[in-house]
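Structure file target-v3.txt (compact mmCIF, C-alpha atoms and all ligand atoms) is printed below.
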# COMPACT_ATOMS: atom_id res chain seq x y z
CA MET A 8 93.92 70.40 107.68
CA THR A 9 93.96 70.58 103.92
CA LEU A 10 97.34 71.26 102.40
CA ILE A 11 97.20 74.26 100.08
CA PRO A 12 100.46 75.10 98.27
CA GLY A 13 101.95 78.32 99.68
CA SER A 14 99.80 78.21 102.84
CA ARG A 15 101.78 76.04 105.26
CA LEU A 16 101.86 77.37 108.83
CA ASP A 17 105.35 75.88 109.24
CA PHE A 18 106.69 77.77 106.20
CA PRO A 19 110.40 78.33 107.01
CA PHE A 20 110.31 82.09 106.45
CA GLU A 21 110.59 85.04 108.79
CA LEU A 22 109.48 88.45 107.50
CA MET A 23 112.12 91.19 107.50
CA ILE A 24 111.22 94.79 106.64
CA ARG A 25 114.58 96.33 107.43
CA GLY A 26 117.89 94.71 106.62
CA PRO A 27 121.56 95.55 106.17
CA SER A 28 122.23 98.23 103.55
CA GLU A 29 124.52 95.76 101.79
CA PRO A 30 123.13 92.21 101.54
CA PRO A 31 125.54 89.65 103.07
CA PRO A 32 127.35 87.48 100.46
CA ASP A 33 125.47 84.31 101.40
CA SER A 34 122.02 85.97 100.98
CA TRP A 35 119.56 84.67 98.42
CA MET A 36 119.00 87.31 95.75
CA TYR A 37 115.75 87.27 93.74
CA VAL A 38 116.51 89.32 90.62
CA PHE A 39 113.59 90.05 88.32
CA ARG A 40 113.37 91.58 84.88
CA GLY A 41 110.51 93.93 84.05
CA ASP A 42 108.55 91.09 82.44
CA ARG A 43 108.44 89.17 85.75
CA ARG A 44 111.15 86.74 84.75
CA LEU A 45 113.30 85.54 87.65
CA LEU A 46 117.04 84.94 87.44
CA VAL A 47 117.92 81.39 88.52
CA CYS A 48 120.89 79.01 88.41
CA LYS A 49 120.28 76.08 86.09
CA HIS A 50 120.73 72.56 87.46
CA GLY A 51 119.47 70.22 84.77
CA GLN A 52 115.71 70.09 85.13
CA HIS A 53 115.95 71.90 88.47
CA ALA A 54 116.79 75.51 89.32
CA ARG A 55 117.80 77.42 92.41
CA ILE A 56 118.08 81.04 93.53
CA PRO A 57 121.61 82.51 93.24
CA THR A 58 123.45 84.03 96.20
CA VAL A 59 124.80 87.57 96.32
CA ALA A 60 128.37 86.23 96.12
CA GLU A 61 127.58 84.20 92.99
CA LEU A 62 125.98 87.18 91.26
CA ASP A 63 128.89 89.44 92.22
CA ASP A 64 131.40 86.89 90.86
CA LEU A 65 129.51 86.82 87.58
CA GLY A 66 129.20 90.60 87.43
CA VAL A 67 125.38 90.62 87.45
CA LYS A 68 124.30 94.23 88.06
CA ARG A 69 121.08 95.00 89.92
CA GLU A 70 119.24 97.87 91.63
CA SER A 71 116.56 98.50 94.27
CA GLN A 72 117.74 95.78 96.65
CA ILE A 73 114.91 95.21 99.14
CA PRO A 74 115.04 92.92 102.18
CA LEU A 75 112.29 90.28 102.14
CA GLY A 76 113.00 88.06 105.13
CA ARG A 77 114.95 85.01 106.22
CA LEU A 78 114.41 81.72 104.43
CA GLU A 79 115.53 78.93 106.76
CA GLY A 80 117.64 81.56 108.53
CA VAL A 81 119.35 82.88 105.38
CA PRO A 82 118.52 86.49 104.40
CA ALA A 83 116.61 86.88 101.14
CA PHE A 84 116.46 90.05 99.05
CA ALA A 85 114.63 91.17 95.93
CA ALA A 86 116.27 93.30 93.23
CA ALA A 87 115.58 94.55 89.74
CA ALA A 88 117.90 93.61 86.90
CA THR A 89 119.61 96.62 85.36
CA GLY A 90 119.45 97.11 81.60
CA ASP A 91 117.13 94.75 79.77
CA GLY A 92 118.72 91.75 81.51
CA SER A 93 118.13 89.74 78.37
CA ASP A 94 121.51 88.01 78.26
CA PRO A 95 122.54 86.59 81.66
CA PRO A 96 125.94 84.91 82.15
CA ALA A 97 126.36 81.20 81.38
CA GLY A 98 124.69 78.96 83.96
CA LEU A 99 121.95 81.51 84.71
CA LEU A 100 118.62 82.06 83.02
CA PHE A 101 115.61 84.34 83.35
CA GLY A 102 112.59 82.05 83.77
CA ASP A 103 108.86 82.68 83.88
CA LEU A 104 107.95 82.64 87.59
CA ARG A 105 104.89 80.44 87.15
CA LYS A 106 106.81 77.84 85.13
CA LEU A 107 109.67 77.90 87.67
CA ALA A 108 107.24 76.47 90.25
CA MET A 109 108.05 73.05 88.79
CA ARG A 110 111.83 73.60 88.94
CA LEU A 111 112.45 75.47 92.22
CA ASP A 112 111.99 73.93 95.65
CA GLU A 113 108.67 74.98 97.16
CA PRO A 114 109.88 77.54 99.75
CA SER A 115 112.10 79.24 97.14
CA PHE A 116 109.17 79.58 94.75
CA TRP A 117 106.84 81.13 97.34
CA VAL A 118 109.50 83.62 98.45
CA GLY A 119 109.82 84.49 94.75
CA ALA A 120 106.08 85.12 94.73
CA ARG A 121 106.59 87.67 97.51
CA ALA A 122 109.65 89.16 95.83
CA VAL A 123 107.97 90.00 92.54
CA GLN A 124 105.08 91.78 94.28
CA ILE A 125 107.37 93.80 96.57
CA LEU A 126 109.54 94.85 93.62
CA GLU A 127 106.55 95.98 91.56
CA TRP A 128 105.15 97.93 94.53
CA ASP A 129 108.56 99.60 94.93
CA ARG A 130 108.73 100.46 91.23
CA ASP A 131 105.14 101.69 90.92
CA HIS A 132 105.00 103.94 94.00
CA ARG A 133 108.00 106.21 93.60
CA PHE A 134 105.60 109.18 93.43
CA CYS A 135 102.42 110.05 95.26
CA GLY A 136 99.16 109.47 93.39
CA ARG A 137 97.51 112.37 95.23
CA CYS A 138 100.03 115.24 95.05
CA GLY A 139 102.79 113.93 92.77
CA GLY A 140 105.50 114.29 95.43
CA ALA A 141 108.37 111.79 95.75
CA THR A 142 107.91 108.96 98.25
CA GLU A 143 110.39 107.43 100.69
CA ASP A 144 110.46 104.17 102.63
CA HIS A 145 108.49 104.22 105.87
CA GLY A 146 111.34 102.67 107.81
CA SER A 147 109.56 100.21 110.07
CA ASP A 148 106.49 99.17 108.03
CA ARG A 149 106.37 97.80 104.48
CA ALA A 150 105.10 101.15 103.22
CA LYS A 151 106.15 104.19 101.27
CA VAL A 152 105.31 107.67 102.50
CA CYS A 153 104.87 110.82 100.42
CA ARG A 154 107.44 113.39 101.55
CA ARG A 155 105.08 116.23 100.71
CA CYS A 156 101.63 115.20 101.95
CA GLY A 157 102.35 112.12 104.09
CA LEU A 158 100.09 109.70 102.20
CA HIS A 159 101.07 106.04 102.74
CA PHE A 160 101.31 103.39 100.03
CA TYR A 161 101.29 99.72 100.98
CA PRO A 162 101.89 96.77 98.65
CA ARG A 163 98.66 96.20 96.76
CA LEU A 164 96.68 93.04 97.48
CA ALA A 165 93.53 92.10 95.61
CA PRO A 166 91.33 89.68 97.58
CA ALA A 167 89.49 87.18 95.41
CA VAL A 168 87.05 84.45 96.39
CA ILE A 169 87.38 81.00 94.84
CA VAL A 170 84.51 78.60 95.41
CA LEU A 171 83.81 74.92 94.93
CA VAL A 172 80.05 74.47 94.54
CA ASP A 173 78.56 71.03 95.17
CA ARG A 174 75.11 69.66 94.34
CA GLY A 175 74.56 66.20 95.80
CA ASP A 176 77.44 64.08 94.53
CA GLU A 177 78.29 66.50 91.72
CA VAL A 178 80.61 69.48 91.54
CA LEU A 179 80.34 72.65 89.45
CA LEU A 180 83.37 73.24 87.23
CA ALA A 181 83.78 75.74 84.42
CA ARG A 182 86.17 76.61 81.64
CA ALA A 183 87.02 80.31 81.57
CA ALA A 184 86.57 82.17 78.31
CA ARG A 185 89.86 84.08 78.74
CA PHE A 186 92.08 81.01 79.17
CA THR A 187 93.11 78.81 76.30
CA SER A 188 94.47 76.05 78.56
CA GLY A 189 91.25 74.07 78.31
CA PHE A 190 90.97 72.93 81.89
CA PHE A 191 87.86 73.15 84.03
CA SER A 192 88.14 74.85 87.40
CA THR A 193 86.22 76.24 90.33
CA LEU A 194 84.67 79.70 89.97
CA ALA A 195 86.53 82.76 91.23
CA GLY A 196 86.19 86.51 91.27
CA PHE A 197 87.54 89.65 92.86
CA VAL A 198 85.91 91.14 95.94
CA GLU A 199 84.41 94.58 95.28
CA ALA A 200 85.04 97.53 97.59
CA GLY A 201 82.57 97.48 100.46
CA GLU A 202 81.59 93.86 99.91
CA SER A 203 81.97 90.92 102.30
CA LEU A 204 83.52 87.65 101.15
CA GLU A 205 80.13 85.96 101.48
CA GLN A 206 78.41 88.64 99.38
CA ALA A 207 81.15 88.37 96.75
CA ILE A 208 80.65 84.59 96.49
CA VAL A 209 76.88 84.79 96.02
CA ARG A 210 77.20 87.66 93.51
CA GLU A 211 80.04 86.15 91.46
CA ILE A 212 78.37 82.77 91.06
CA GLU A 213 75.05 84.31 90.16
CA GLU A 214 76.77 86.57 87.59
CA GLU A 215 78.94 83.86 86.07
CA VAL A 216 76.58 80.89 85.88
CA GLY A 217 73.15 82.14 87.00
CA ILE A 218 72.61 79.90 90.05
CA ARG A 219 72.06 80.67 93.73
CA VAL A 220 74.36 79.12 96.34
CA GLY A 221 74.31 78.90 100.14
CA ASN A 222 75.85 76.91 103.02
CA LEU A 223 79.20 78.72 102.63
CA ARG A 224 82.17 77.10 104.40
CA TYR A 225 85.67 78.57 104.63
CA PHE A 226 88.30 76.26 103.12
CA GLY A 227 91.65 78.07 103.20
CA SER A 228 93.64 80.77 101.46
CA GLN A 229 96.58 81.10 99.10
CA PRO A 230 98.80 84.04 98.15
CA TRP A 231 98.71 84.23 94.37
CA PRO A 232 101.20 86.63 92.78
CA PHE A 233 99.65 86.69 89.29
CA PRO A 234 99.58 89.62 89.64
CA HIS A 235 98.84 90.36 93.34
CA SER A 236 95.87 88.37 94.56
CA LEU A 237 94.99 86.72 97.82
CA MET A 238 92.77 83.77 96.94
CA ILE A 239 90.23 82.98 99.68
CA GLY A 240 88.77 79.52 99.19
CA PHE A 241 85.26 78.43 100.16
CA ARG A 242 82.91 75.53 99.69
CA ALA A 243 79.29 76.27 98.83
CA SER A 244 76.20 74.26 97.93
CA TRP A 245 73.74 74.76 95.09
CA GLU A 246 70.37 76.09 96.21
CA ALA A 247 68.44 77.05 93.09
CA GLY A 248 68.62 77.73 89.37
CA GLU A 249 69.82 76.17 86.13
CA LEU A 250 73.30 76.81 84.72
CA SER A 251 73.32 79.68 82.26
CA PRO A 252 76.97 80.76 81.82
CA ASP A 253 77.86 84.36 81.02
CA PRO A 254 79.57 83.96 77.61
CA GLU A 255 81.96 86.85 78.32
CA GLU A 256 83.39 85.02 81.34
CA ILE A 257 82.65 81.33 80.90
CA ALA A 258 83.17 79.21 77.78
CA GLU A 259 81.56 76.12 79.28
CA ALA A 260 80.22 75.02 82.68
CA GLY A 261 78.78 71.78 83.99
CA TRP A 262 78.07 69.46 86.91
CA PHE A 263 80.59 66.64 87.16
CA ARG A 264 80.74 63.41 89.15
CA ARG A 265 83.92 62.16 90.82
CA ASP A 266 84.32 59.32 88.33
CA ASP A 267 83.86 61.61 85.32
CA LEU A 268 85.96 64.71 85.95
CA PRO A 269 87.23 66.83 83.04
CA ILE A 270 90.83 68.11 82.85
CA ILE A 271 91.42 70.02 86.11
CA PRO A 272 94.05 72.62 87.13
CA PRO A 273 97.62 71.64 88.10
CA SER A 274 98.56 70.94 91.70
CA LEU A 275 100.04 74.39 92.44
CA SER A 276 96.65 76.10 92.68
CA ILE A 277 94.10 76.34 95.48
CA ALA A 278 91.51 75.37 92.85
CA ARG A 279 93.16 71.97 92.62
CA SER A 280 93.28 71.70 96.44
CA LEU A 281 89.53 72.41 96.59
CA ILE A 282 88.80 69.76 93.96
CA ASP A 283 91.16 67.18 95.50
CA ALA A 284 89.56 67.65 98.93
CA TRP A 285 86.09 67.19 97.44
CA VAL A 286 87.17 64.06 95.54
CA ALA A 287 88.72 62.61 98.70
CA GLU A 288 85.48 62.97 100.67
CA GLU A 289 83.93 59.96 98.98
CA ILE A 290 86.82 57.74 100.04
CA CYS A 291 86.54 58.73 103.72
ZN ZN A 301 101.55 113.31 98.32
Translate the structure described by the file into structure tokens.
Ligand SMILES: [Zn+2]
Amino acid sequence: MTLIPGSRLDFPFELMIRGPSEPPPDSWMYVFRGDRRLLVCKHGQHARIPTVAELDDLGVKRESQIPLGRLEGVPAFAAAATGDGSDPPAGLLFGDLRKLAMRLDEPSFWVGARAVQILEWDRDHRFCGRCGGATEDHGSDRAKVCRRCGLHFYPRLAPAVIVLVDRGDEVLLARAARFTSGFFSTLAGFVEAGESLEQAIVREIEEEVGIRVGNLRYFGSQPWPFPHSLMIGFRASWEAGELSPDPEEIAEAGWFRRDDLPIIPPSLSIARSLIDAWVAEEIC
């Protein structure tokens, strides 16, 4: 079983839709500002999530407290910072969620990834998109229901395929036109309405680099909260065509050997897991 960050089956978290109206003092509280910055306690190079009691002692005000689940048995809640939250008390800081991946322990980070998506769903679905009526919590499901017309709103998830394409002992990697980071990664794209994952893979790769692939093999999945994706990883093999990248999407694409890889994505991503698994195959 390949280890993909955020995808462990033994993840120490139990989902909780309903919780106490007042979070217990020892609960973890994930407080976000509107720019997706998460409030954490500083510990040198490390950080941790504050408890309700700690935030209350420091007078940190918050709203929309939503139960998330239990992390190693301890309740965890999400909340929005009140005001602009720009000046937290000493010892606390608002950090970019993606950058905090290197400072938080792994379970805390992935619960934060849930928290930010649940908070944004809560904020963005206060009113019905069909009739304009106010919504209320469903009660037993993670859903909001329009009081007037009954339409349901669930947290939005955008499935995306991410694919490592091999050709003999080479792998296809590309540098995206929209990123300035400079690393080469596997190809990815969102699944269109009405499309299967397999159809999305063949279409995306043809659109992005002009080749045909086949021999699709499921690899694994990863929740990816930037902003609300579910990355579904596959392996595929080249079947036909020469690389002709779409300049709007791809700055550069090429076939690479294991001993001559370009700069690849950091270890947090499923893209890196796909590449690492492919690299390891030669050793086995
Ligand atoms: Zn409605």
Across A:Pro31, A:Gly196, A:Pro232, A:Pro272, the smallest distance to Glu256 in chain A, with only C-alpha atoms counted, is shown by A:Gly196
Could you list, as a PDB file with C-alpha atoms, in the frame of the given file, all protein and nucleic acid residues with an atom at most 10 Å from ligand ZN 301 (chain A), counting all atoms listed in the file?
ATOM      1  CA  PHE A 134     105.600 109.180  93.430  1.00  0.00           C
ATOM      2  CA  CYS A 135     102.420 110.050  95.260  1.00  0.00           C
ATOM      3  CA  GLY A 136      99.160 109.470  93.390  1.00  0.00           C
ATOM      4  CA  ARG A 137      97.510 112.370  95.230  1.00  0.00           C
ATOM      5  CA  CYS A 138     100.030 115.240  95.050  1.00  0.00           C
ATOM      6  CA  GLY A 139     102.790 113.930  92.770  1.00  0.00           C
ATOM      7  CA  GLY A 140     105.500 114.290  95.430  1.00  0.00           C
ATOM      8  CA  ALA A 141     108.370 111.790  95.750  1.00  0.00           C
ATOM      9  CA  THR A 142     107.910 108.960  98.250  1.00  0.00           C
ATOM     10  CA  VAL A 152     105.310 107.670 102.500  1.00  0.00           C
ATOM     11  CA  CYS A 153     104.870 110.820 100.420  1.00  0.00           C
ATOM     12  CA  ARG A 154     107.440 113.390 101.550  1.00  0.00           C
ATOM     13  CA  ARG A 155     105.080 116.230 100.710  1.00  0.00           C
ATOM     14  CA  CYS A 156     101.630 115.200 101.950  1.00  0.00           C
ATOM     15  CA  GLY A 157     102.350 112.120 104.090  1.00  0.00           C
ATOM     16  CA  LEU A 158     100.090 109.700 102.200  1.00  0.00           C
ATOM     17  CA  HIS A 159     101.070 106.040 102.740  1.00  0.00           C
TER      18      HIS A 159
END
Figure out the distance between CA of Ser192 in chain A and CA of Leu180 in chain A, please, to one decimal in Å.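 Straight-line distance from CA of Leu180 in chain A to CA of Ser192 in chain A works out to 5.0 Å.
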Got a sec to check which residues sit within 10 Å of (92.6, 73.4, 94.3), counting all atoms listed in the file, and write them as a list in words? Leu10, Ile11, Pro12, Ile169, Val170, Leu171, Ser192, Thr193, Gln229, Gly240, Ile271, Pro272, Pro273, Ser274, Leu275, Ser276, Ile277, Ala278, Arg279, Ser280, Leu281, Ile282, Asp283, Ala284 and Trp285 of chain A
What's the separation between CA of Leu46 in chain A and CA of Asp17 in chain A, in Å to one decimal place?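 Computing the Euclidean distance for CA of Leu46 in chain A and CA of Asp17 in chain A yields 26.3 Å.
With CA of Gly102 in chain A on one side and CA of Asp64 in chain A on the other, the separation reads 20.7 Å.
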May I have the residues within 6 Å of Arg219 in chain A as a list in words, using all atoms listed in the file and disregarding those fewer than 2 positions away in the same chain? Glu213, Glu246 and Ala247 of chain A
Write out as a PyMOL selection string which residues come within 9 Å of Ser71 in chain A when counting all atoms listed in the file, dropping same-chain ones fewer than 4 positions away. chain A and resi 85-88+126+129-130
Using all atoms listed in the file, which protein or nucleic acid residues come within 8 Å of Asp103 in chain A? Drop anything in the same chain fewer than 6 positions from it, and give the result as a PyMOL selection string. chain A and resi 43-45
Give the answer as one residue: which of A:Gly119, A:Pro166, A:Pro96, A:Gly261 has the shortest atom-to-atom distance to Lys68 in chain A, using only C-alpha atoms?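 Closest to Lys68 in chain A, using only C-alpha atoms: A:Pro96.
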Best match for closeness to Ser188 in chain A among A:Ser244, A:Glu70, A:Ile270, A:Met109, counting only C-alpha atoms: A:Ile270
Glu215 in chain A environment, 7 Å, only C-alpha atoms, sequence neighbours closer than 3 positions dropped, as a PyMOL selection string: chain A and resi 211-212+252-253+256-257
List as a PyMOL selection string the protein and nucleic acid residues near Cys48 in chain A, meaning an atom at most 8 Å away when all atoms listed in the file are counted, but skip any in the same chain fewer than 2 places from it. chain A and resi 46+50+54-57+98-100
